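Note: the block below is run19.cif and it holds mmCIF, C-alpha atoms and all ligand atoms; chains and numbers go by the auth columns.
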data_target
loop_
_atom_site.group_PDB
_atom_site.id
_atom_site.type_symbol
_atom_site.label_atom_id
_atom_site.label_comp_id
_atom_site.label_asym_id
_atom_site.label_seq_id
_atom_site.Cartn_x
_atom_site.Cartn_y
_atom_site.Cartn_z
_atom_site.B_iso_or_equiv
_atom_site.auth_seq_id
_atom_site.auth_asym_id
ATOM 1 C CA MET A 1 152.210 -76.157 36.913 0.00 1 A
ATOM 2 C CA ALA A 2 152.347 -76.525 33.162 0.00 2 A
ATOM 3 C CA THR A 3 155.481 -77.223 31.165 0.00 3 A
ATOM 4 C CA CYS A 4 157.106 -74.651 28.926 0.00 4 A
ATOM 5 C CA TRP A 5 157.076 -75.823 25.286 0.00 5 A
ATOM 6 C CA SER A 6 160.495 -74.326 24.730 0.00 6 A
ATOM 7 C CA CYS A 7 162.721 -75.004 27.763 0.00 7 A
ATOM 8 C CA LEU A 8 160.479 -77.616 29.469 0.00 8 A
ATOM 9 C CA GLY A 9 160.638 -75.570 32.661 0.00 9 A
ATOM 10 C CA ASP A 10 157.651 -75.086 34.932 0.00 10 A
ATOM 11 C CA VAL A 11 155.124 -72.430 34.015 0.00 11 A
ATOM 12 C CA VAL A 12 152.558 -71.258 36.535 0.00 12 A
ATOM 13 C CA LYS A 13 149.024 -71.943 35.382 0.00 13 A
ATOM 14 C CA ALA A 14 147.250 -68.850 36.569 0.00 14 A
ATOM 15 C CA GLY A 15 147.667 -65.136 36.667 0.00 15 A
ATOM 16 C CA LEU A 16 149.582 -62.820 34.401 0.00 16 A
ATOM 17 C CA ASP A 17 152.701 -64.969 34.853 0.00 17 A
ATOM 18 C CA ALA A 18 150.949 -67.826 33.052 0.00 18 A
ATOM 19 C CA HIS A 19 151.415 -66.058 29.709 0.00 19 A
ATOM 20 C CA PHE A 20 155.204 -66.279 29.672 0.00 20 A
ATOM 21 C CA CYS A 21 157.752 -68.824 30.901 0.00 21 A
ATOM 22 C CA GLY A 22 159.501 -67.572 34.034 0.00 22 A
ATOM 23 C CA ALA A 23 162.769 -69.194 32.952 0.00 23 A
ATOM 24 C CA CYS A 24 163.182 -68.585 29.216 0.00 24 A
ATOM 25 C CA LYS A 25 160.510 -65.828 28.919 0.00 25 A
ATOM 26 C CA LYS A 26 158.918 -67.434 25.858 0.00 26 A
ATOM 27 C CA ILE A 27 155.234 -66.828 25.223 0.00 27 A
ATOM 28 C CA GLN A 28 153.042 -69.713 26.455 0.00 28 A
ATOM 29 C CA PRO A 29 149.697 -71.084 25.242 0.00 29 A
ATOM 30 C CA ALA A 30 146.705 -69.323 26.743 0.00 30 A
ATOM 31 C CA PRO A 31 145.588 -70.292 30.206 0.00 31 A
ATOM 32 C CA ASP A 32 141.929 -71.356 30.180 0.00 32 A
ATOM 33 C CA PRO A 33 140.336 -68.686 27.979 0.00 33 A
ATOM 34 C CA ASN A 34 136.969 -69.333 29.651 0.00 34 A
ATOM 35 C CA ASP A 35 138.346 -68.055 32.914 0.00 35 A
ATOM 36 C CA LEU A 36 137.953 -64.434 31.902 0.00 36 A
ATOM 37 C CA PHE A 37 139.240 -62.739 35.017 0.00 37 A
ATOM 38 C CA GLY A 38 141.982 -65.315 35.422 0.00 38 A
ATOM 39 C CA TYR A 39 143.156 -64.545 31.888 0.00 39 A
ATOM 40 C CA LEU A 40 143.978 -61.059 33.123 0.00 40 A
ATOM 41 C CA GLY A 41 145.503 -62.377 36.316 0.00 41 A
ATOM 42 C CA LEU A 42 142.598 -61.201 38.448 0.00 42 A
ATOM 43 C CA PRO A 43 140.317 -63.064 40.866 0.00 43 A
ATOM 44 C CA ALA A 44 136.782 -63.764 39.613 0.00 44 A
ATOM 45 C CA ARG A 45 134.248 -61.136 40.621 0.00 45 A
ATOM 46 C CA TYR A 46 130.562 -60.687 40.188 0.00 46 A
ATOM 47 C CA ARG A 47 130.463 -56.993 40.841 0.00 47 A
ATOM 48 C CA VAL A 48 132.774 -54.791 38.882 0.00 48 A
ATOM 49 C CA ASP A 49 132.928 -51.352 40.465 0.00 49 A
ATOM 50 C CA GLU A 50 134.910 -48.336 39.300 0.00 50 A
ATOM 51 C CA ALA A 51 138.179 -49.538 40.877 0.00 51 A
ATOM 52 C CA ALA A 52 137.814 -53.038 39.480 0.00 52 A
ATOM 53 C CA ARG A 53 137.043 -51.600 36.066 0.00 53 A
ATOM 54 C CA SER A 54 140.217 -49.536 35.982 0.00 54 A
ATOM 55 C CA GLU A 55 142.205 -52.551 37.175 0.00 55 A
ATOM 56 C CA LEU A 56 140.712 -54.600 34.337 0.00 56 A
ATOM 57 C CA GLU A 57 141.657 -51.924 31.818 0.00 57 A
ATOM 58 C CA ALA A 58 145.183 -51.626 33.230 0.00 58 A
ATOM 59 C CA ARG A 59 145.723 -55.389 33.018 0.00 59 A
ATOM 60 C CA TYR A 60 144.290 -55.471 29.540 0.00 60 A
ATOM 61 C CA HIS A 61 146.663 -52.771 28.325 0.00 61 A
ATOM 62 C CA GLU A 62 149.656 -54.361 30.013 0.00 62 A
ATOM 63 C CA LEU A 63 148.960 -57.771 28.531 0.00 63 A
ATOM 64 C CA SER A 64 147.995 -56.333 25.176 0.00 64 A
ATOM 65 C CA ARG A 65 151.416 -54.709 24.928 0.00 65 A
ATOM 66 C CA LYS A 66 153.225 -57.889 25.968 0.00 66 A
ATOM 67 C CA LEU A 67 151.312 -60.137 23.576 0.00 67 A
ATOM 68 C CA HIS A 68 151.234 -57.779 20.598 0.00 68 A
ATOM 69 C CA PRO A 69 152.215 -59.506 17.326 0.00 69 A
ATOM 70 C CA ASP A 70 154.606 -56.625 16.530 0.00 70 A
ATOM 71 C CA ARG A 71 156.813 -57.850 19.353 0.00 71 A
ATOM 72 C CA PHE A 72 157.149 -61.268 17.730 0.00 72 A
ATOM 73 C CA THR A 73 158.045 -60.362 14.165 0.00 73 A
ATOM 74 C CA GLY A 74 161.520 -61.894 14.511 0.00 74 A
ATOM 75 C CA ALA A 75 160.332 -64.857 16.583 0.00 75 A
ATOM 76 C CA SER A 76 159.585 -68.444 15.566 0.00 76 A
ATOM 77 C CA ALA A 77 156.381 -69.364 13.732 0.00 77 A
ATOM 78 C CA ARG A 78 155.072 -70.922 16.907 0.00 78 A
ATOM 79 C CA GLU A 79 155.587 -67.766 18.932 0.00 79 A
ATOM 80 C CA ARG A 80 154.004 -65.623 16.217 0.00 80 A
ATOM 81 C CA ARG A 81 150.989 -67.924 16.137 0.00 81 A
ATOM 82 C CA LEU A 82 150.644 -67.852 19.929 0.00 82 A
ATOM 83 C CA SER A 83 150.890 -64.091 19.929 0.00 83 A
ATOM 84 C CA MET A 84 148.060 -63.813 17.386 0.00 84 A
ATOM 85 C CA GLU A 85 145.840 -66.356 19.125 0.00 85 A
ATOM 86 C CA LYS A 86 146.357 -64.822 22.501 0.00 86 A
ATOM 87 C CA THR A 87 145.776 -61.297 21.263 0.00 87 A
ATOM 88 C CA THR A 88 142.462 -62.490 19.816 0.00 88 A
ATOM 89 C CA ASN A 89 141.562 -64.214 23.105 0.00 89 A
ATOM 90 C CA LEU A 90 142.533 -61.139 25.054 0.00 90 A
ATOM 91 C CA ASN A 91 140.377 -58.854 22.937 0.00 91 A
ATOM 92 C CA GLN A 92 137.388 -61.186 23.323 0.00 92 A
ATOM 93 C CA THR A 93 138.001 -61.376 27.039 0.00 93 A
ATOM 94 C CA ILE A 94 138.034 -57.636 27.576 0.00 94 A
ATOM 95 C CA ARG A 95 135.006 -57.124 25.333 0.00 95 A
ATOM 96 C CA THR A 96 133.053 -59.599 27.448 0.00 96 A
ATOM 97 C CA LEU A 97 134.226 -58.174 30.744 0.00 97 A
ATOM 98 C CA ARG A 98 133.429 -54.603 29.695 0.00 98 A
ATOM 99 C CA ASP A 99 129.831 -55.560 28.975 0.00 99 A
ATOM 100 C CA PRO A 100 127.841 -56.068 32.209 0.00 100 A
ATOM 101 C CA ILE A 101 125.319 -58.398 30.560 0.00 101 A
ATOM 102 C CA LYS A 102 127.885 -60.577 28.818 0.00 102 A
ATOM 103 C CA ARG A 103 130.013 -60.570 31.943 0.00 103 A
ATOM 104 C CA ALA A 104 127.132 -61.802 34.075 0.00 104 A
ATOM 105 C CA THR A 105 126.181 -64.590 31.701 0.00 105 A
ATOM 106 C CA THR A 106 129.734 -65.676 30.974 0.00 106 A
ATOM 107 C CA SER A 107 131.040 -65.642 34.526 0.00 107 A
ATOM 108 C CA SER A 108 127.944 -67.071 36.214 0.00 108 A
ATOM 109 C CA PRO A 109 128.425 -70.056 38.545 0.00 109 A
ATOM 110 C CA ALA A 110 127.244 -72.351 35.764 0.00 110 A
ATOM 111 C CA ARG A 111 130.325 -71.306 33.827 0.00 111 A
ATOM 112 C CA GLY A 112 132.539 -71.617 36.876 0.00 112 A
ATOM 113 C CA ALA A 113 133.842 -75.104 36.201 0.00 113 A
ATOM 114 C CA SER A 114 137.265 -73.816 35.280 0.00 114 A
ATOM 115 C CA TRP A 115 137.489 -71.870 38.535 0.00 115 A
ATOM 116 C CA LYS A 116 136.420 -74.931 40.509 0.00 116 A
ATOM 117 C CA ARG A 117 139.152 -76.967 38.859 0.00 117 A
ATOM 118 C CA ARG A 118 141.695 -74.509 40.162 0.00 118 A
ATOM 119 C CA GLY A 119 140.326 -75.067 43.630 0.00 119 A
ATOM 120 C CA GLU A 120 138.927 -71.611 44.133 0.00 120 A
ATOM 121 C CA PRO A 121 135.648 -71.228 45.960 0.00 121 A
ATOM 122 C CA ILE A 122 132.625 -70.199 43.935 0.00 122 A
ATOM 123 C CA ARG A 123 130.696 -67.499 45.721 0.00 123 A
ATOM 124 C CA SER A 124 127.108 -67.189 44.674 0.00 124 A
ATOM 125 C CA SER A 125 126.324 -63.588 45.526 0.00 125 A
HETATM 126 ZN ZN ZN B . 160.707 -71.788 29.138 0.00 201 A
#
In structure tokens, write the structure found in this file.
Amino acid sequence: MATCWSCLGDVVKAGLDAHFCGACKKIQPAPDPNDLFGYLGLPARYRVDEAARSELEARYHELSRKLHPDRFTGASARERRLSMEKTTNLNQTIRTLRDPIKRATTSSPARGASWKRRGEPIRSS
């Protein structure tokens, strides 16, 4: 659990729910941006087939809508900044995941430290 910067409530650390506080609904700092699949609330995968690809795109569009700076125009400076940072992270994440070569090099076991920290098994094939 992480702590919400606004209401000090608990915020889950992984998955799509990690982007917003469950209690006050405020936008939260990015979960580990190196955990590319986790950023979209998905389990890490080495093979991305047709179904996984459409899931990735669906999550991207969902999150993109929720994080869009236009939704934070009346919000505090902190929320506006988070929205911009996270939108940038999100766009980098989806660009990497859409590219099979970048995906393979970025989500290889050598880069899996952040997944290990979360206690998820690293599968090597
Ligand atoms: Zn909160």
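For ligand ZN 201 (chain A), the neighbouring protein, DNA and RNA residues, which are those within 8 Å when all atoms listed in the file are counted, are Thr3, Cys4, Trp5, Ser6, Cys7, Leu8, Gly9, Asp10, Val11, Phe20, Cys21, Gly22, Ala23, Cys24, Lys25 and Lys26 of chain A.
Going from CA of Lys13 in chain A over to CA of Arg65 in chain A, you cover 20.3 Å.
Ranking A:Thr105, A:Gln28, A:Thr88, A:Ser64 by their shortest atom-to-atom distance to Ala14 in chain A, with all atoms listed in the file included, puts A:Gln28 first.
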Result set, the PyMOL selection byres (((chain A and resi 69) around 7) and not hetatm) on current file, as a VMD selection string: chain A and resid 67 to 68 70 to 73 80 83 to 84
Quick one: write out the picked residues with C-alpha atoms as a compact mmCIF listing (two decimals), in the coordinates of the input?
# COMPACT_ATOMS: atom_id res chain seq x y z
CA LEU A 67 151.31 -60.14 23.58
CA HIS A 68 151.23 -57.78 20.60
CA ASP A 70 154.61 -56.62 16.53
CA ARG A 71 156.81 -57.85 19.35
CA PHE A 72 157.15 -61.27 17.73
CA THR A 73 158.04 -60.36 14.16
CA ARG A 80 154.00 -65.62 16.22
CA SER A 83 150.89 -64.09 19.93
CA MET A 84 148.06 -63.81 17.39
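For the residues A:Ala75, A:Ile101, A:Leu56, A:Arg81, ranking by smallest atom-to-atom distance to Leu36 in chain A using only C-alpha atoms places A:Leu56 first.
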Atomic distance CA of Ala52 in chain A - CA of Phe37 in chain A, expressed in Å with one decimal: 10.8 Å
The PyMOL selection byres (((chain A and resi 48) around 12) and not hetatm) resolved against shown file, as a list of chain:residue names: A:Phe37, A:Leu42, A:Pro43, A:Ala44, A:Arg45, A:Tyr46, A:Arg47, A:Asp49, A:Glu50, A:Ala51, A:Ala52, A:Arg53, A:Ser54, A:Glu55, A:Leu56, A:Glu57, A:Leu97, A:Arg98, A:Asp99, A:Pro100, A:Ile101, A:Arg103, A:Ala104, A:Ser107
Given only C-alpha atoms as the counted atoms, nearest of A:Gly74, A:His61, A:Glu79, A:Lys86 to Pro31 in chain A: A:Lys86
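CA of Ser76 in chain A to CA of Arg95 in chain A spans 28.8 Å [interatomic distance, one decimal].
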Tyr39 in chain A environment, 12 Å, all atoms listed in the file, sequence neighbours closer than 6 positions dropped, as JSON, numbers by chain: {"A": [13, 14, 15, 16, 17, 18, 19, 29, 30, 31, 32, 33, 56, 59, 60, 63, 64, 86, 87, 89, 90, 91, 92, 93, 94, 97, 114, 115]}
Would you mind exporting the chosen residues as a PDB file, in the frame of the given file, restricted to C-alpha atoms?
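Contents of the output file result.pdb:
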ATOM      1  CA  LYS A  13     149.024 -71.943  35.382  1.00  0.00           C
ATOM      2  CA  ALA A  14     147.250 -68.850  36.569  1.00  0.00           C
ATOM      3  CA  GLY A  15     147.667 -65.136  36.667  1.00  0.00           C
ATOM      4  CA  LEU A  16     149.582 -62.820  34.401  1.00  0.00           C
ATOM      5  CA  ASP A  17     152.701 -64.969  34.853  1.00  0.00           C
ATOM      6  CA  ALA A  18     150.949 -67.826  33.052  1.00  0.00           C
ATOM      7  CA  HIS A  19     151.415 -66.058  29.709  1.00  0.00           C
ATOM      8  CA  PRO A  29     149.697 -71.084  25.242  1.00  0.00           C
ATOM      9  CA  ALA A  30     146.705 -69.323  26.743  1.00  0.00           C
ATOM     10  CA  PRO A  31     145.588 -70.292  30.206  1.00  0.00           C
ATOM     11  CA  ASP A  32     141.929 -71.356  30.180  1.00  0.00           C
ATOM     12  CA  PRO A  33     140.336 -68.686  27.979  1.00  0.00           C
ATOM     13  CA  LEU A  56     140.712 -54.600  34.337  1.00  0.00           C
ATOM     14  CA  ARG A  59     145.723 -55.389  33.018  1.00  0.00           C
ATOM     15  CA  TYR A  60     144.290 -55.471  29.540  1.00  0.00           C
ATOM     16  CA  LEU A  63     148.960 -57.771  28.531  1.00  0.00           C
ATOM     17  CA  SER A  64     147.995 -56.333  25.176  1.00  0.00           C
ATOM     18  CA  LYS A  86     146.357 -64.822  22.501  1.00  0.00           C
ATOM     19  CA  THR A  87     145.776 -61.297  21.263  1.00  0.00           C
ATOM     20  CA  ASN A  89     141.562 -64.214  23.105  1.00  0.00           C
ATOM     21  CA  LEU A  90     142.533 -61.139  25.054  1.00  0.00           C
ATOM     22  CA  ASN A  91     140.377 -58.854  22.937  1.00  0.00           C
ATOM     23  CA  GLN A  92     137.388 -61.186  23.323  1.00  0.00           C
ATOM     24  CA  THR A  93     138.001 -61.376  27.039  1.00  0.00           C
ATOM     25  CA  ILE A  94     138.034 -57.636  27.576  1.00  0.00           C
ATOM     26  CA  LEU A  97     134.226 -58.174  30.744  1.00  0.00           C
ATOM     27  CA  SER A 114     137.265 -73.816  35.280  1.00  0.00           C
ATOM     28  CA  TRP A 115     137.489 -71.870  38.535  1.00  0.00           C
TER      29      TRP A 115
END
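Proximity ranking of A:Arg78, A:Ala58, A:Glu85, A:Thr96 relative to Asn34 in chain A places A:Thr96 first, based on only C-alpha atoms.
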Working from the structure I just supplied, which lacks atoms in range 9-26 of chain A, can you model N, CA and C atoms there and output them as a compact mmCIF listing (two decimals), keeping the file's coordinate frame?
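Resulting contents of rebuild_19.txt:
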# COMPACT_ATOMS: atom_id res chain seq x y z
N GLY A 9 160.71 -76.01 31.27
CA GLY A 9 160.64 -75.57 32.66
C GLY A 9 159.19 -75.47 33.11
N ASP A 10 159.00 -75.22 34.39
CA ASP A 10 157.65 -75.09 34.93
C ASP A 10 157.09 -73.71 34.61
N VAL A 11 155.81 -73.70 34.24
CA VAL A 11 155.12 -72.43 34.02
C VAL A 11 153.92 -72.41 34.94
N VAL A 12 153.73 -71.33 35.67
CA VAL A 12 152.56 -71.26 36.53
C VAL A 12 151.31 -71.24 35.66
N LYS A 13 150.21 -71.76 36.20
CA LYS A 13 149.02 -71.94 35.38
C LYS A 13 148.04 -70.80 35.47
N ALA A 14 148.24 -69.91 36.39
CA ALA A 14 147.25 -68.85 36.57
C ALA A 14 147.94 -67.50 36.71
N GLY A 15 147.14 -66.48 36.48
CA GLY A 15 147.67 -65.14 36.67
C GLY A 15 148.42 -64.65 35.45
N LEU A 16 148.88 -63.42 35.54
CA LEU A 16 149.58 -62.82 34.40
C LEU A 16 150.85 -63.60 34.07
N ASP A 17 151.47 -64.22 35.08
CA ASP A 17 152.70 -64.97 34.85
C ASP A 17 152.49 -66.20 33.98
N ALA A 18 151.23 -66.63 33.83
CA ALA A 18 150.95 -67.83 33.05
C ALA A 18 151.19 -67.59 31.56
N HIS A 19 151.29 -66.34 31.14
CA HIS A 19 151.42 -66.06 29.71
C HIS A 19 152.85 -66.18 29.18
N PHE A 20 153.81 -66.17 30.09
CA PHE A 20 155.20 -66.28 29.67
C PHE A 20 155.96 -67.21 30.61
N CYS A 21 156.92 -67.94 30.07
CA CYS A 21 157.75 -68.82 30.90
C CYS A 21 158.63 -67.96 31.82
N GLY A 22 158.68 -68.33 33.09
CA GLY A 22 159.50 -67.57 34.03
C GLY A 22 160.99 -67.76 33.77
N ALA A 23 161.35 -68.89 33.17
CA ALA A 23 162.77 -69.19 32.95
C ALA A 23 163.28 -68.61 31.63
N CYS A 24 162.66 -69.02 30.52
CA CYS A 24 163.18 -68.58 29.22
C CYS A 24 162.41 -67.41 28.64
N LYS A 25 161.31 -67.01 29.32
CA LYS A 25 160.51 -65.83 28.92
C LYS A 25 159.73 -66.01 27.62
N LYS A 26 159.67 -67.24 27.10
CA LYS A 26 158.92 -67.43 25.86
C LYS A 26 157.41 -67.37 26.13
